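Enquirer: Next up is a structure, given as structure tokens.
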Amino acid sequence: MTRRARWTGLTVSLRLQLLALLAALLIPLGVILLLLLPAFMNEKFNSIERTQVQQFSDIARANLHTEEDRVGLFVLNFSLWTETFEYAAGRNDRYLAANLVPGTFIGGKVDYWGIAAPGGRLLSAATLLDNRVTDATPIVTDFFASLPRLLPAGGSAGVIRRGQQAYIVAARPITRDDGQGRGGIMLLARTLTPQVLRELTYQGQVFSAALNLTPVPETQVRFLEDRVRATSPLSAPSGPPQLALELSIPRAVHAAGLIGAQQLRLTMLITTLIGVTAFMLFLNHRVLNVLGGYKRDTQRIARDPTHRLDGRDPTELGLLARTINALLDHLQEREGQLRDRSQRDELTGAFTRSGLLERLNNTPVRSALIVEVPRLQELSGLYGNAMVDTLLREITGRLTELGPQHVVARLSSSGLALITTGQNTPDPRAILRELERPFHLKDAEIPLKFTAGYVESPYAVPVPTLLRHANIALQHALDERDQIGLFNEEMLRLSQYGHLLEASLQGADTRGELSLLYQPIQNLQTGSWEAMEALLRWKHPTLGSVPPGTFIPVAERAGLIGTLGEWALRRAVLDAKNAQRIAPLRVNVNVSPIQLLSPDFAARVLDILRELNASPTLLTLEVTESSVMQDVDLACRHLEHLRAAGVRIALDDFGSGHSSLALLADLPLDTVKLDRSFLRDSERGGTRGALLGSAIRLAGDLGLHTVAEGVEDEEMLRMLRDFNCGAAQGYHLARPERLEELLGRLQAIGPR
């Protein structure tokens, strides 16, 4: 198995990575061996040689200073003689004959003699030439000229240059034996020939010395190919140096060291190459080849999950292969368990959607029933989640009891499917009747009214197709408030029509396709119009007017109801503001359950009122019992916030379903709108009529305003007056119309 890595978009094998790693290690090592180590050693040798040549140079100069001191002492011997003092004073004519003899030059190893009178006049200047004392006035005069202008009491000595020749010169003031008086200057000098220089500096095979006629201010060291040369200044009796001592030593040690370093580098390079080669051979044979086999095994595992790596290698690689094999076995077992669990719903034990499709992948099916369990949110709030879970398990159990020719699946939190695999198709209504037997949970008996969608085919069709058609039938039943929807081609056409409407609703508000009609609400005590209900209308450019009962459910399913609701709210509030110049009418706006249960609903409504600079008292929001019951706490928080700001709240369609009279006391309401079916049934008399009167009286006792919807004739209106109903609306009183028409008619007939 070859490990792969990504380097700047390229796939690089493990071998190349290892070679790159070795290169990363060897290149710095090579730089150290070939460049840094020689430079380091060369610098070390240079430092040693520099120290040596400076030390030898210091020794040579010290020897010259010793010679200067010796000549100075010889001068001191002459300058302290009283005879010399008297001679310098002009009173000892025999002095030269007695003292200036060849022994002075030979014994003192000096070449020149000079005595000057106190005034500076040269009295004697001599040198020994061929064993004869010879006058040397010109050169001795130059010697005196090199002395300090005022000679110190301790004298002066140094090396001076005259032409191409160097001399050691020493001079002292002449005094008596007791050191008193000053009788001129005594001077001795020695020629500093190469032979003398060799004798003085003790030259040998270690170093050699020579005089340089070009003086230097300080010691300078130069590294030549075969030797190291140090040039040091030689002090003169006065003033700057006139000569330099040039001392050199051979570089034999340096050359030997470089040869040793070269041999060391070569040895290290050979050793490194041998080690790298051995390492690569071992790595290739014991690691990379084994990993290559693992790679081939892995590629085969991708094709055959039962294949495993070759774990016979006795090293850690074999242990790794065996560990991976054990892990693969565990994962394969775990995958099977997870596959089984993913195919089953954890709560009910029924198949999941994916499990259903896999279970019936190759099985012919002819019918599908999708059952929607109603009011789960409400039941959860009333009885708790545990009770609802038990209820779902009970419903699933009843479906499972229908027999092995049926497969039960849970498609969603509230949706169950029954797929028939046999030749005989079931009776969906009989199945629903069986499901609707009351459920006995603890001490409660819970009746449920299911909604379902059913599809069957004379021939076998794929399960996904049946499920889609059953979903279309279920949605049709929900939209039409039927118990069961039986799929047909017309439903499919209507579903496709719904998708067309969904696409067309996108941007309908900005294209000017939406409008509002208004239906007045008449106060039954005063006969005047107290409010108007805003009714949303949509005129499609090609389909024409689309009924609200058609496009509102589409908008809710498509998530567009929020946009449409905000457009209707803005338009209605602006129209209500315009209507105030004619009559003090409030405007009622219907609220979708999706709007009511959005987290920022109340804040958004109040923001729109502030944005339009409209009073909250102009607005009444109509909510339904079913939307409130989906999340009672959230709905009550929104409604209480809105009522506190001045917005009126009306409970719409009261009496259309399982309305609870206690709900009127629990919700933050101002108005109760009685559903038209409630009113229509009450007109026939009997218990419904008594119930209508009781509801109106109870609402009045609770301080709630009542509005009856769907008043279609004078008899209904009379009955409502008899029950002391607060207000009414319906075709008998006024039909929905545009605001301009409504206000125009109101102006024409006057306040009602």
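Lettering and numbering for the structure tokens are positional, with chains as A, B, ... in the shown order, residues counted from 1 in each chain, and ligands counted from 1 in the shown order.
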Which polymer residues have any atom within 12 Å of an atom of A:Ile552, counting only C-alpha atoms, with same-chain residues fewer than 6 positions away left out, as a list of chain:residue names?
Expert: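 In the requested format, the answer is A:Asp479, A:Gly498, A:Leu501, A:Glu502, A:Leu505, A:Leu535, A:Leu536, A:Arg537, A:Trp538, A:Val546, A:Ala558, A:Gly559, A:Leu560, A:Ile561, A:Gly562, A:Thr563, A:Leu564, A:Gly565, A:Asn590, A:Val591, A:Ser592, A:Pro593, A:Ile594.
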Enquirer: Need the shell around stretch 324-331 of chain A: protein/DNA/RNA residues with any atom at most 9 Å away, counting only C-alpha atoms. Skip same-chain ones fewer than 2 positions apart. Format as a PyMOL selection string?
Expert: chain A and resi 305-306+308-311+319-322+333-336
Enquirer: Fewer than 5 positions away in the same chain doesn't count, so skip those; otherwise give me all residues within 12 Å of stretch 442-450 of chain A, counting only C-alpha atoms, as a CSV table (one decimal) with all heavy atoms, in the first residue's frame.
Expert:
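This is the output file around12.csv:
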chain,number,residue,atom,x,y,z
A,369,LEU,N,-50.9,3.2,0.6
A,369,LEU,CA,-51.7,4.1,1.4
A,369,LEU,C,-50.8,4.9,2.4
A,369,LEU,O,-50.0,4.3,3.1
A,369,LEU,CB,-52.7,3.2,2.2
A,369,LEU,CG,-53.6,4.0,3.2
A,369,LEU,CD1,-54.6,4.8,2.5
A,369,LEU,CD2,-54.3,3.0,4.2
A,370,ILE,N,-50.9,6.2,2.3
A,370,ILE,CA,-50.2,7.0,3.2
A,370,ILE,C,-51.2,7.7,4.2
A,370,ILE,O,-52.1,8.3,3.8
A,370,ILE,CB,-49.4,8.1,2.5
A,370,ILE,CG1,-48.3,7.5,1.6
A,370,ILE,CG2,-48.7,9.1,3.5
A,370,ILE,CD1,-47.5,8.5,0.8
A,371,VAL,N,-50.9,7.5,5.5
A,371,VAL,CA,-51.8,8.0,6.5
A,371,VAL,C,-51.1,9.1,7.3
A,371,VAL,O,-50.0,8.9,7.7
A,371,VAL,CB,-52.2,6.8,7.5
A,371,VAL,CG1,-53.1,7.3,8.6
A,371,VAL,CG2,-52.9,5.7,6.7
A,372,GLU,N,-51.8,10.2,7.4
A,372,GLU,CA,-51.3,11.3,8.2
A,372,GLU,C,-52.0,11.3,9.6
A,372,GLU,O,-53.2,11.4,9.7
A,372,GLU,CB,-51.6,12.6,7.5
A,372,GLU,CG,-51.1,13.9,8.2
A,372,GLU,CD,-49.6,14.0,8.1
A,372,GLU,OE1,-49.0,13.3,7.2
A,372,GLU,OE2,-49.0,14.8,8.8
A,373,VAL,N,-51.1,11.2,10.6
A,373,VAL,CA,-51.6,11.2,12.0
A,373,VAL,C,-51.9,12.6,12.4
A,373,VAL,O,-50.9,13.4,12.4
A,373,VAL,CB,-50.6,10.5,13.0
A,373,VAL,CG1,-51.2,10.4,14.4
A,373,VAL,CG2,-50.3,9.1,12.5
A,374,PRO,N,-53.1,13.0,12.8
A,374,PRO,CA,-53.4,14.4,13.0
A,374,PRO,C,-53.0,14.8,14.5
A,374,PRO,O,-52.9,14.0,15.4
A,374,PRO,CB,-54.9,14.4,12.9
A,374,PRO,CG,-55.4,13.1,13.3
A,374,PRO,CD,-54.3,12.1,12.9
A,375,ARG,N,-52.9,16.1,14.6
A,375,ARG,CA,-52.8,16.8,15.9
A,375,ARG,C,-51.7,16.3,16.8
A,375,ARG,O,-51.9,16.3,18.0
A,375,ARG,CB,-54.2,16.7,16.6
A,375,ARG,CG,-55.3,17.2,15.9
A,375,ARG,CD,-56.7,16.8,16.4
A,375,ARG,NE,-56.8,17.0,17.8
A,375,ARG,CZ,-57.6,16.3,18.7
A,375,ARG,NH1,-58.2,15.3,18.2
A,375,ARG,NH2,-57.6,16.6,19.9
A,376,LEU,N,-50.6,15.9,16.2
A,376,LEU,CA,-49.5,15.4,17.1
A,376,LEU,C,-49.0,16.5,18.0
A,376,LEU,O,-48.7,16.2,19.2
A,376,LEU,CB,-48.4,14.8,16.3
A,376,LEU,CG,-48.6,13.4,15.6
A,376,LEU,CD1,-47.4,13.0,14.9
A,376,LEU,CD2,-49.0,12.4,16.7
A,379,LEU,N,-51.6,17.0,20.8
A,379,LEU,CA,-51.6,15.8,21.7
A,379,LEU,C,-50.4,15.8,22.6
A,379,LEU,O,-50.4,15.4,23.7
A,379,LEU,CB,-51.7,14.5,20.9
A,379,LEU,CG,-53.1,14.3,20.1
A,379,LEU,CD1,-53.0,13.1,19.3
A,379,LEU,CD2,-54.2,14.2,21.1
A,382,LEU,N,-51.0,18.2,25.3
A,382,LEU,CA,-52.0,17.8,26.2
A,382,LEU,C,-51.5,16.6,27.1
A,382,LEU,O,-51.8,16.6,28.3
A,382,LEU,CB,-53.3,17.4,25.4
A,382,LEU,CG,-54.0,18.6,24.8
A,382,LEU,CD1,-55.2,18.1,23.9
A,382,LEU,CD2,-54.5,19.6,25.8
A,383,TYR,N,-50.9,15.6,26.4
A,383,TYR,CA,-50.6,14.4,27.1
A,383,TYR,C,-49.1,14.1,27.4
A,383,TYR,O,-48.8,13.2,28.1
A,383,TYR,CB,-51.2,13.2,26.3
A,383,TYR,CG,-52.7,13.3,26.2
A,383,TYR,CD1,-53.2,13.6,24.9
A,383,TYR,CD2,-53.6,13.1,27.2
A,383,TYR,CE1,-54.6,13.7,24.7
A,383,TYR,CE2,-55.0,13.2,27.0
A,383,TYR,CZ,-55.5,13.5,25.8
A,383,TYR,OH,-56.8,13.6,25.6
A,386,ALA,N,-44.2,11.2,25.8
A,386,ALA,CA,-44.2,9.7,26.0
A,386,ALA,C,-45.5,9.1,25.5
A,386,ALA,O,-45.6,8.1,24.9
A,386,ALA,CB,-43.9,9.4,27.4
A,387,MET,N,-46.7,9.8,25.8
A,387,MET,CA,-48.0,9.3,25.4
A,387,MET,C,-48.1,9.3,23.9
A,387,MET,O,-48.6,8.4,23.3
A,387,MET,CB,-49.1,10.2,26.0
A,387,MET,CG,-50.5,9.7,25.8
A,387,MET,SD,-50.8,8.2,26.8
A,387,MET,CE,-51.0,9.0,28.4
A,388,VAL,N,-47.6,10.4,23.2
A,388,VAL,CA,-47.6,10.4,21.8
A,388,VAL,C,-46.8,9.3,21.2
A,388,VAL,O,-47.2,8.7,20.2
A,388,VAL,CB,-47.2,11.8,21.3
A,388,VAL,CG1,-47.0,11.8,19.8
A,388,VAL,CG2,-48.2,12.9,21.7
A,390,THR,N,-46.2,6.4,22.5
A,390,THR,CA,-47.0,5.2,22.7
A,390,THR,C,-48.1,5.1,21.6
A,390,THR,O,-48.4,4.0,21.1
A,390,THR,CB,-47.6,5.1,24.1
A,390,THR,OG1,-46.5,5.2,25.0
A,390,THR,CG2,-48.4,3.8,24.3
A,391,LEU,N,-48.8,6.2,21.4
A,391,LEU,CA,-49.8,6.3,20.4
A,391,LEU,C,-49.3,5.9,19.0
A,391,LEU,O,-50.0,5.1,18.2
A,391,LEU,CB,-50.4,7.7,20.3
A,391,LEU,CG,-51.5,8.0,19.3
A,391,LEU,CD1,-52.7,7.1,19.6
A,391,LEU,CD2,-51.9,9.4,19.3
A,392,LEU,N,-48.1,6.4,18.6
A,392,LEU,CA,-47.6,6.1,17.3
A,392,LEU,C,-47.3,4.6,17.2
A,392,LEU,O,-47.5,4.0,16.1
A,392,LEU,CB,-46.3,6.9,17.0
A,392,LEU,CG,-46.6,8.4,16.7
A,392,LEU,CD1,-45.3,9.2,16.7
A,392,LEU,CD2,-47.3,8.6,15.4
A,394,GLU,N,-48.8,2.3,18.8
A,394,GLU,CA,-50.1,1.6,18.7
A,394,GLU,C,-50.7,1.6,17.2
A,394,GLU,O,-51.2,0.6,16.7
A,394,GLU,CB,-51.1,2.2,19.7
A,394,GLU,CG,-52.5,1.6,19.6
A,394,GLU,CD,-52.5,0.2,20.1
A,394,GLU,OE1,-51.6,-0.2,20.9
A,394,GLU,OE2,-53.5,-0.6,19.8
A,395,ILE,N,-50.6,2.8,16.6
A,395,ILE,CA,-51.1,2.9,15.2
A,395,ILE,C,-50.3,2.0,14.3
A,395,ILE,O,-50.8,1.3,13.4
A,395,ILE,CB,-51.0,4.4,14.8
A,395,ILE,CG1,-51.9,5.3,15.6
A,395,ILE,CG2,-51.3,4.6,13.3
A,395,ILE,CD1,-51.7,6.8,15.4
A,414,SER,N,-45.2,12.3,11.3
A,414,SER,CA,-46.6,12.0,11.4
A,414,SER,C,-47.2,11.3,10.2
A,414,SER,O,-48.4,11.1,10.1
A,414,SER,CB,-47.4,13.4,11.5
A,414,SER,OG,-47.2,14.2,10.4
A,415,GLY,N,-46.3,10.8,9.3
A,415,GLY,CA,-46.8,10.1,8.2
A,415,GLY,C,-46.4,8.6,8.2
A,415,GLY,O,-45.2,8.3,8.3
A,416,LEU,N,-47.4,7.7,8.0
A,416,LEU,CA,-47.1,6.3,7.9
A,416,LEU,C,-47.6,5.8,6.5
A,416,LEU,O,-48.6,6.3,6.0
A,416,LEU,CB,-47.9,5.5,9.0
A,416,LEU,CG,-47.5,5.9,10.5
A,416,LEU,CD1,-48.5,5.3,11.4
A,416,LEU,CD2,-46.1,5.4,10.7
A,428,PRO,N,-59.1,0.9,1.4
A,428,PRO,CA,-58.5,1.9,2.3
A,428,PRO,C,-59.4,2.5,3.3
A,428,PRO,O,-59.0,2.8,4.4
A,428,PRO,CB,-58.0,3.0,1.2
A,428,PRO,CG,-58.9,2.8,0.1
A,428,PRO,CD,-59.2,1.3,0.0
A,429,ARG,N,-60.7,2.6,3.0
A,429,ARG,CA,-61.6,3.1,4.0
A,429,ARG,C,-61.8,2.2,5.1
A,429,ARG,O,-62.0,2.6,6.3
A,429,ARG,CB,-63.0,3.4,3.3
A,429,ARG,CG,-62.9,4.5,2.2
A,429,ARG,CD,-64.2,4.9,1.6
A,429,ARG,NE,-64.1,5.8,0.5
A,429,ARG,CZ,-63.9,7.1,0.6
A,429,ARG,NH1,-63.8,7.7,1.8
A,429,ARG,NH2,-63.7,7.9,-0.5
A,431,ILE,N,-59.5,0.2,6.2
A,431,ILE,CA,-58.3,0.3,7.0
A,431,ILE,C,-58.4,1.6,7.9
A,431,ILE,O,-58.0,1.5,9.1
A,431,ILE,CB,-57.1,0.4,6.1
A,431,ILE,CG1,-56.9,-0.9,5.3
A,431,ILE,CG2,-55.8,0.8,6.9
A,431,ILE,CD1,-55.8,-0.9,4.3
A,432,LEU,N,-58.9,2.7,7.4
A,432,LEU,CA,-59.0,3.9,8.2
A,432,LEU,C,-60.0,3.7,9.3
A,432,LEU,O,-59.8,4.1,10.5
A,432,LEU,CB,-59.5,5.1,7.3
A,432,LEU,CG,-58.4,5.6,6.4
A,432,LEU,CD1,-59.0,6.8,5.7
A,432,LEU,CD2,-57.1,6.0,7.1
A,433,ARG,N,-61.1,2.9,9.1
A,433,ARG,CA,-62.1,2.7,10.1
A,433,ARG,C,-61.5,1.8,11.2
A,433,ARG,O,-61.7,2.1,12.4
A,433,ARG,CB,-63.3,1.9,9.5
A,433,ARG,CG,-64.2,2.8,8.7
A,433,ARG,CD,-65.6,2.1,8.5
A,433,ARG,NE,-65.5,0.9,7.7
A,433,ARG,CZ,-65.5,0.9,6.4
A,433,ARG,NH1,-65.7,2.0,5.7
A,433,ARG,NH2,-65.4,-0.3,5.8
A,434,GLU,N,-60.6,0.9,10.8
A,434,GLU,CA,-59.9,0.1,11.8
A,434,GLU,C,-59.0,0.9,12.7
A,434,GLU,O,-58.9,0.8,13.9
A,434,GLU,CB,-59.2,-1.1,11.2
A,434,GLU,CG,-58.3,-1.9,12.1
A,434,GLU,CD,-59.2,-2.7,13.1
A,434,GLU,OE1,-60.4,-2.9,12.9
A,434,GLU,OE2,-58.6,-3.1,14.2
A,435,LEU,N,-58.3,1.8,12.0
A,435,LEU,CA,-57.3,2.7,12.7
A,435,LEU,C,-58.0,3.7,13.6
A,435,LEU,O,-57.5,4.1,14.6
A,435,LEU,CB,-56.5,3.5,11.7
A,435,LEU,CG,-55.4,2.8,10.9
A,435,LEU,CD1,-54.7,3.7,10.0
A,435,LEU,CD2,-54.4,2.2,11.9
A,436,GLU,N,-59.3,4.1,13.3
A,436,GLU,CA,-59.9,5.1,14.1
A,436,GLU,C,-60.7,4.6,15.3
A,436,GLU,O,-61.4,5.3,16.0
A,436,GLU,CB,-60.9,5.9,13.2
A,436,GLU,CG,-60.1,6.8,12.2
A,436,GLU,CD,-61.1,7.5,11.2
A,436,GLU,OE1,-62.3,7.1,11.2
A,436,GLU,OE2,-60.6,8.3,10.4
A,437,ARG,N,-60.5,3.3,15.6
A,437,ARG,CA,-61.1,2.8,16.8
A,437,ARG,C,-60.4,3.6,18.0
A,437,ARG,O,-59.2,3.8,17.9
A,437,ARG,CB,-60.8,1.3,17.0
A,437,ARG,CG,-61.7,0.4,16.1
A,437,ARG,CD,-61.4,-1.1,16.5
A,437,ARG,NE,-60.1,-1.6,16.1
A,437,ARG,CZ,-59.2,-1.9,17.0
A,437,ARG,NH1,-59.4,-1.7,18.3
A,437,ARG,NH2,-58.0,-2.3,16.6
A,474,LEU,N,-52.9,12.4,-0.8
A,474,LEU,CA,-52.9,12.9,0.6
A,474,LEU,C,-53.0,14.4,0.7
A,474,LEU,O,-53.8,15.0,1.4
A,474,LEU,CB,-51.7,12.4,1.4
A,474,LEU,CG,-51.5,12.9,2.8
A,474,LEU,CD1,-52.7,12.5,3.7
A,474,LEU,CD2,-50.2,12.5,3.4
A,477,ALA,N,-56.4,15.5,-0.2
A,477,ALA,CA,-57.4,15.3,0.9
A,477,ALA,C,-57.2,16.4,1.9
A,477,ALA,O,-58.2,16.9,2.5
A,477,ALA,CB,-57.2,13.9,1.5
A,478,LEU,N,-56.0,16.8,2.2
A,478,LEU,CA,-55.7,17.8,3.2
A,478,LEU,C,-56.3,19.2,2.7
A,478,LEU,O,-56.9,19.9,3.5
A,478,LEU,CB,-54.2,17.9,3.5
A,478,LEU,CG,-53.6,16.8,4.3
A,478,LEU,CD1,-52.1,16.9,4.3
A,478,LEU,CD2,-54.2,16.7,5.7
A,481,ARG,N,-60.0,19.0,2.8
A,481,ARG,CA,-60.5,18.6,4.1
A,481,ARG,C,-61.4,17.3,4.0
A,481,ARG,O,-62.4,17.2,4.7
A,481,ARG,CB,-61.3,19.7,4.7
A,481,ARG,CG,-60.5,21.0,5.0
A,481,ARG,CD,-61.2,22.0,5.8
A,481,ARG,NE,-60.4,23.2,6.1
A,481,ARG,CZ,-60.7,24.2,6.8
A,481,ARG,NH1,-62.0,24.3,7.3
A,481,ARG,NH2,-59.9,25.2,7.0
A,482,ASP,N,-60.9,16.4,3.1
A,482,ASP,CA,-61.5,15.1,3.0
A,482,ASP,C,-60.8,14.1,3.9
A,482,ASP,O,-59.6,14.4,4.2
A,482,ASP,CB,-61.5,14.6,1.6
A,482,ASP,CG,-62.5,15.4,0.7
A,482,ASP,OD1,-63.4,16.0,1.3
A,482,ASP,OD2,-62.2,15.5,-0.5
A,483,GLN,N,-61.4,13.0,4.2
A,483,GLN,CA,-60.7,12.0,5.0
A,483,GLN,C,-59.7,11.2,4.2
A,483,GLN,O,-58.6,10.9,4.7
A,483,GLN,CB,-61.7,11.1,5.7
A,483,GLN,CG,-61.0,10.1,6.6
A,483,GLN,CD,-62.0,9.1,7.2
A,483,GLN,OE1,-63.1,8.9,6.7
A,483,GLN,NE2,-61.6,8.5,8.3
A,484,ILE,N,-60.0,11.0,3.0
A,484,ILE,CA,-59.2,10.2,2.1
A,484,ILE,C,-59.2,10.7,0.7
A,484,ILE,O,-60.2,11.2,0.2
A,484,ILE,CB,-59.6,8.7,2.1
A,484,ILE,CG1,-58.5,7.8,1.4
A,484,ILE,CG2,-60.9,8.5,1.5
A,484,ILE,CD1,-58.7,6.4,1.6
A,485,GLY,N,-58.0,10.7,0.1
A,485,GLY,CA,-57.9,11.1,-1.3
A,485,GLY,C,-57.5,9.9,-2.1
A,485,GLY,O,-56.5,9.2,-1.8
A,657,GLY,N,-64.4,23.3,14.1
A,657,GLY,CA,-63.7,22.1,14.4
A,657,GLY,C,-64.0,21.6,15.8
A,657,GLY,O,-65.1,21.7,16.3
A,658,HIS,N,-62.9,21.2,16.5
A,658,HIS,CA,-63.0,20.8,17.9
A,658,HIS,C,-62.8,21.9,18.8
A,658,HIS,O,-61.9,21.9,19.7
A,658,HIS,CB,-62.0,19.7,18.2
A,658,HIS,CG,-62.1,18.5,17.2
A,658,HIS,ND1,-63.0,17.5,17.4
A,658,HIS,CD2,-61.4,18.2,16.1
A,658,HIS,CE1,-62.9,16.6,16.5
A,658,HIS,NE2,-62.0,17.0,15.6
Enquirer: DSSP on the backbone, helix (DSSP H, G or I) only: what residues of stretch 403-593 of chain A does that give? Format it as a PyMOL selection string.
Expert: chain A and resi 428-435+463-480+489-505+548-558+561-579+593
Enquirer: I'd like the neighbourhood of stretch 490-497 of chain A as an NGL selection string, where a residue qualifies if any of its atoms comes within 9 Å (using only C-alpha atoms), though same-chain residues fewer than 6 positions away should be ignored.
Expert: :A and (469 or 472-473 or 475-476)
Enquirer: Identify, on the basis of only C-alpha atoms, every residue whose closest approach to stretch 720-731 of chain A does not exceed 8 Å; exclude the query and any residue fewer than 5 positions from it along the same chain; express the result as a CSV table (one decimal) with N, CA and C atoms, in the first residue's frame.
Expert:
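The file below, around-v1.csv, is the result:
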chain,number,residue,atom,x,y,z
A,519,GLN,N,-64.5,43.2,2.7
A,519,GLN,CA,-65.9,42.9,3.0
A,519,GLN,C,-66.2,43.6,4.4
A,520,PRO,N,-67.2,44.5,4.4
A,520,PRO,CA,-67.5,45.2,5.6
A,520,PRO,C,-68.0,44.3,6.7
A,521,ILE,N,-67.9,44.7,8.0
A,521,ILE,CA,-68.4,44.0,9.2
A,521,ILE,C,-69.3,45.0,9.8
A,522,GLN,N,-70.6,44.6,9.9
A,522,GLN,CA,-71.6,45.5,10.4
A,522,GLN,C,-71.9,45.3,11.9
A,523,ASN,N,-71.9,46.4,12.7
A,523,ASN,CA,-72.3,46.3,14.1
A,523,ASN,C,-73.8,46.1,14.1
A,524,LEU,N,-74.3,45.0,14.8
A,524,LEU,CA,-75.8,44.7,14.8
A,524,LEU,C,-76.5,45.6,15.8
A,525,GLN,N,-75.9,46.3,16.6
A,525,GLN,CA,-76.6,47.2,17.6
A,525,GLN,C,-76.8,48.5,17.0
A,693,GLY,N,-76.2,30.2,20.8
A,693,GLY,CA,-76.6,31.2,21.8
A,693,GLY,C,-75.7,31.2,23.0
A,696,ILE,N,-72.3,32.8,22.2
A,696,ILE,CA,-72.4,34.2,22.1
A,696,ILE,C,-72.5,34.8,23.6
A,697,ARG,N,-73.3,34.2,24.4
A,697,ARG,CA,-73.4,34.7,25.8
A,697,ARG,C,-72.1,34.5,26.6
A,705,HIS,N,-66.0,40.5,22.0
A,705,HIS,CA,-66.9,41.0,20.9
A,705,HIS,C,-67.1,39.8,20.0
A,706,THR,N,-68.3,39.6,19.5
A,706,THR,CA,-68.7,38.4,18.7
A,706,THR,C,-69.0,38.9,17.3
A,707,VAL,N,-68.5,38.2,16.3
A,707,VAL,CA,-68.8,38.5,14.9
A,707,VAL,C,-69.2,37.2,14.2
A,708,ALA,N,-70.4,37.2,13.6
A,708,ALA,CA,-70.9,36.0,12.9
A,708,ALA,C,-70.6,36.1,11.4
A,709,GLU,N,-69.9,35.1,10.8
A,709,GLU,CA,-69.6,35.1,9.4
A,709,GLU,C,-70.6,34.3,8.6
A,710,GLY,N,-70.7,34.7,7.3
A,710,GLY,CA,-71.6,33.9,6.4
A,710,GLY,C,-73.1,34.2,6.5
A,711,VAL,N,-73.4,35.4,6.9
A,711,VAL,CA,-74.9,35.8,6.9
A,711,VAL,C,-75.4,35.9,5.5
A,712,GLU,N,-76.3,35.0,5.2
A,712,GLU,CA,-76.7,35.0,3.8
A,712,GLU,C,-78.2,35.4,3.6
Enquirer: Find the residues of stretch 371-451 of chain A that sit at most 9 Å from stretch 455-467 of chain A; for each, write down the nearest two atoms and how far apart they are in Å, to one decimal. Count only C-alpha atoms. Sort by chain, then by number going up, and give it as JSON lines.
Expert:
{"residue": "A:Ala417", "atom": "CA", "partner": "A:Leu467", "partner_atom": "CA", "distance": 8.4}
{"residue": "A:Ile419", "atom": "CA", "partner": "A:Val463", "partner_atom": "CA", "distance": 8.3}
{"residue": "A:Thr425", "atom": "CA", "partner": "A:Glu456", "partner_atom": "CA", "distance": 7.4}
Enquirer: Would you output that residue set with N, CA, C and O atoms, as a compact mmCIF listing (two decimals), in the first residue's frame?
Expert:
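result-v5.txt was written with the following content:
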# COMPACT_ATOMS: atom_id res chain seq x y z
N ALA A 417 -46.91 4.76 6.03
CA ALA A 417 -47.25 4.21 4.71
C ALA A 417 -47.53 2.72 4.85
O ALA A 417 -46.89 2.02 5.64
N ILE A 419 -47.75 -0.41 2.21
CA ILE A 419 -47.54 -0.86 0.84
C ILE A 419 -47.99 -2.32 0.75
O ILE A 419 -47.56 -3.16 1.55
N THR A 425 -55.73 -5.95 -3.65
CA THR A 425 -55.58 -4.61 -3.10
C THR A 425 -56.56 -4.42 -1.95
O THR A 425 -57.68 -4.94 -1.98
Enquirer: Kindly indicate which residue among A:Leu80, A:Ala136, A:Leu704, A:Val589 lies nearest to A:Val623, using only C-alpha atoms for the distances.
Expert: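 Selected residue with least distance to A:Val623: A:Val589.
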Enquirer: So which residues of stretch 145-297 of chain A fall under strand (DSSP E or B) by DSSP, listed as an MDAnalysis selection string?
Expert: chainID A and resid 156:162 165:173 185:191 208:212 220:223 227:234 243:250
Enquirer: Using atom CA of A:Ser627 and atom CA of A:Ala534 as the two end points, give the distance in Å to one decimal.
Expert: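 Pair atom CA of A:Ser627 / atom CA of A:Ala534 returns 19.1 Å.
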Enquirer: For a quick check of understanding, using only C-alpha atoms, which of A:Ala278, A:Pro173, A:Glu68, A:Glu246 has the smallest distance to A:Ala189?
Expert: A:Glu68
Enquirer: Which residue, A:Leu213, A:Ala734, A:Ala695, A:Ala470, has the smallest gap to A:Trp529 when you use only C-alpha atoms?
Expert: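 Nearest candidate to A:Trp529 out of A:Leu213, A:Ala734, A:Ala695, A:Ala470: A:Ala734.
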Enquirer: Which residue is closest to A:Trp113? Choose from A:Gly154, A:Ile185, A:Gly381, A:Leu281 and count only C-alpha atoms.
Expert: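 Closest to A:Trp113, using only C-alpha atoms: A:Ile185.
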Enquirer: For a test of reading the model, state the distance in Å between atom CA of A:Leu606 and atom CA of A:Ile582, rounded to one decimal.
Expert: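 Distance reported for this atom pair: 25.1 Å.
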